[in-house]
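Peer 1: Sending over a structure as structure tokens; questions will come in a sec.
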Amino acid sequence: MKPLMLIYNYFKQDYSLKGSHFLRLFENFISESSGSILEHAPQISPDDIQATRFRVGYTENDNSSGLTEIGRFLDKISVYPDVQLNRAVFDQAVNRDFDLSKLGTLGIGIDFREAIHSSKVKFYFTVKAYPEKLEQILAIHPRVDNTKDYPINNMFGINMYFDGRTDVEIYPSLMPEDFKDAELMANLGLIDIPHEFLSQCKALFISFKNSKKRVLHFYPLNPTKFLPLISNQRLTGIYVNALITHFMVNRQRRLEPLRMVISFTEDEMLLKYIQHINLSLYYQFSPGSGDKGL
């Protein structure tokens, strides 16, 4: 069994995921993928946990084959009944001049919901030094006040909903040295982020919900120290299960240390009542961990 499928099967069992045409299509994609990263991104709310959010990622060494596989996956999902996948923005960004040598990682994921119109596929990519691509994405992204003031680095996403909607996400990022820049933090309106949050993370990414509302994405230095700051039992439980999955898979294929990103809206943070949380868990196979085709 391929390593990515090995990880996916643990999550499928843990969350008792219900079968669907779209999840089965994504399972087939995972089973054939040359990628080395599987991201599971459950959404936590007071009512439930939405666990059918997965992405496959490719490193710089796999980008060429990854882009081909992603194109085929989009082709397959486009022909399903009741799916109207608008690839215009994707095709505009990933054109003939798309320079793979300037990319970092890239990937594709599915966010499946019971309501088909709310389901989507998401293409994401990171760049190194690619100013022309940065300008192109910013021209497509809905206008956000003071965008020019953000340190816009290298990560972008393209959402393609099953009902034909599409949008672009940018992720300005700040590093620990930026947290110490009082003028920058004040200009961006980020001075109300609790110090204990910033002191326990190695990076902060920002995205914009509905063009204006900000979502904060924290990359913890040590999840076991960061999680108590949120004080959410469901979040802690998911992380513990993720560690168990990592341990079980690592016994069969060598993995990089488990990485995670914790995301929530700025509004809930300011209210000091964080109940809606996105948790992204990254499982990556180490070089020499074995034939991906096994």
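Every chain in the structure tokens has a letter given in the order shown (A, B, ...), and although residue numbers restart at 1 in each chain, ligands are simply numbered from 1 in the order shown.
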Against segment 19-39 of chain A, which residues of segment 88-107 of chain A fall within 12 Å? For each one I want the closest pair of atoms and the distance in Å (one decimal), counting only C-alpha atoms, rows by chain and increasing residue number, as a Markdown table.

Peer 2:
```
| residue | atom | partner | partner_atom | distance |
| --- | --- | --- | --- | --- |
| A:Thr105 | CA | A:Ile37 | CA | 9.8 |
| A:Leu106 | CA | A:Gly35 | CA | 9.6 |
| A:Gly107 | CA | A:Gly35 | CA | 8.4 |
```

Peer 1: Quick check for you: according to DSSP on this backbone, which residues of segment 27-265 of chain A are classed as helix (DSSP H, G or I)? Reply as a VMD selection string.

Peer 2: chain A and resid 27 to 32 60 to 78 88 to 93 100 to 102 116 to 118 131 to 140 147 to 149 176 to 179 182 to 187 195 to 199 223 to 230 233 to 250

Peer 1: Can you pull out every residue within 8 Å of Gln200 of chain A, counting only C-alpha atoms, but drop anything in the same chain fewer than 6 positions away, and send it as a JSON list (two decimals) with C-alpha atoms, in the first residue's frame?

Peer 2:
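Okay, this is what ended up in selection.json:
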```json
[["chain", "number", "residue", "atom", "x", "y", "z"],
["A", 220, "PRO", "CA", 3.42, 26.56, 16.80],
["A", 221, "LEU", "CA", 6.96, 26.01, 17.97],
["A", 222, "ASN", "CA", 5.69, 23.35, 20.34],
["A", 225, "LYS", "CA", 2.61, 24.38, 24.84],
["A", 226, "PHE", "CA", 0.44, 26.24, 22.32]]
```

Peer 1: Just want the 8 Å neighbourhood of Ala41 of chain A, counted on only C-alpha atoms, with same-chain residues fewer than 6 positions away dropped. Output as a PDB file with C-alpha atoms, in the first residue's frame.

Peer 2:
```pdb
ATOM      1  CA  ALA A  51     -13.215  15.834   8.951  1.00  0.00           C
ATOM      2  CA  THR A  52     -13.495  15.446   5.163  1.00  0.00           C
ATOM      3  CA  ARG A  53     -10.770  17.925   4.254  1.00  0.00           C
ATOM      4  CA  PHE A  54      -7.615  16.438   2.738  1.00  0.00           C
ATOM      5  CA  ASN A 278      -9.209  24.879  11.567  1.00  0.00           C
ATOM      6  CA  LEU A 279      -6.406  22.458  12.333  1.00  0.00           C
ATOM      7  CA  SER A 280      -4.027  21.463   9.541  1.00  0.00           C
ATOM      8  CA  LEU A 281      -1.911  18.367  10.188  1.00  0.00           C
TER       9      LEU A 281
END
```

Peer 1: Need the shell around Leu100 of chain A: protein/DNA/RNA residues with any atom at most 9 Å away, counting only C-alpha atoms. Skip same-chain ones fewer than 5 positions apart. Format as a PyMOL selection string?

Peer 2: chain A and resi 60+63-64

Peer 1: Those residues with N, CA and C atoms, as a CSV table (one decimal), in the first residue's frame please?

Peer 2:
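Dumped everything to out.csv:
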```csv
chain,number,residue,atom,x,y,z
A,60,GLU,N,9.6,20.2,-4.1
A,60,GLU,CA,10.2,20.8,-5.3
A,60,GLU,C,10.6,19.7,-6.3
A,63,ASN,N,7.3,18.4,-8.3
A,63,ASN,CA,6.4,19.4,-8.8
A,63,ASN,C,5.9,19.1,-10.3
A,64,SER,N,6.8,18.7,-11.1
A,64,SER,CA,6.4,18.5,-12.5
A,64,SER,C,5.4,17.4,-12.6
```

Peer 1: Show which residues sit within 8 Å of segment 165-174 of chain A, as a list in words. Count only C-alpha atoms, and ignore same-chain residues fewer than 5 positions away.

Peer 2: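 After dropping sequence-adjacent residues, the list is Leu85, Asn86, Val89, Ile137, Leu138, Ile140, His141, Pro142, Tyr150, Pro151, Ile152, Asn153, Asn154, Met155, Phe156, Gly157, Ile158, Asn159, Met160, Phe179, Ala203, Leu204, Phe205, Ile206, Ser207 and Phe208 of chain A.
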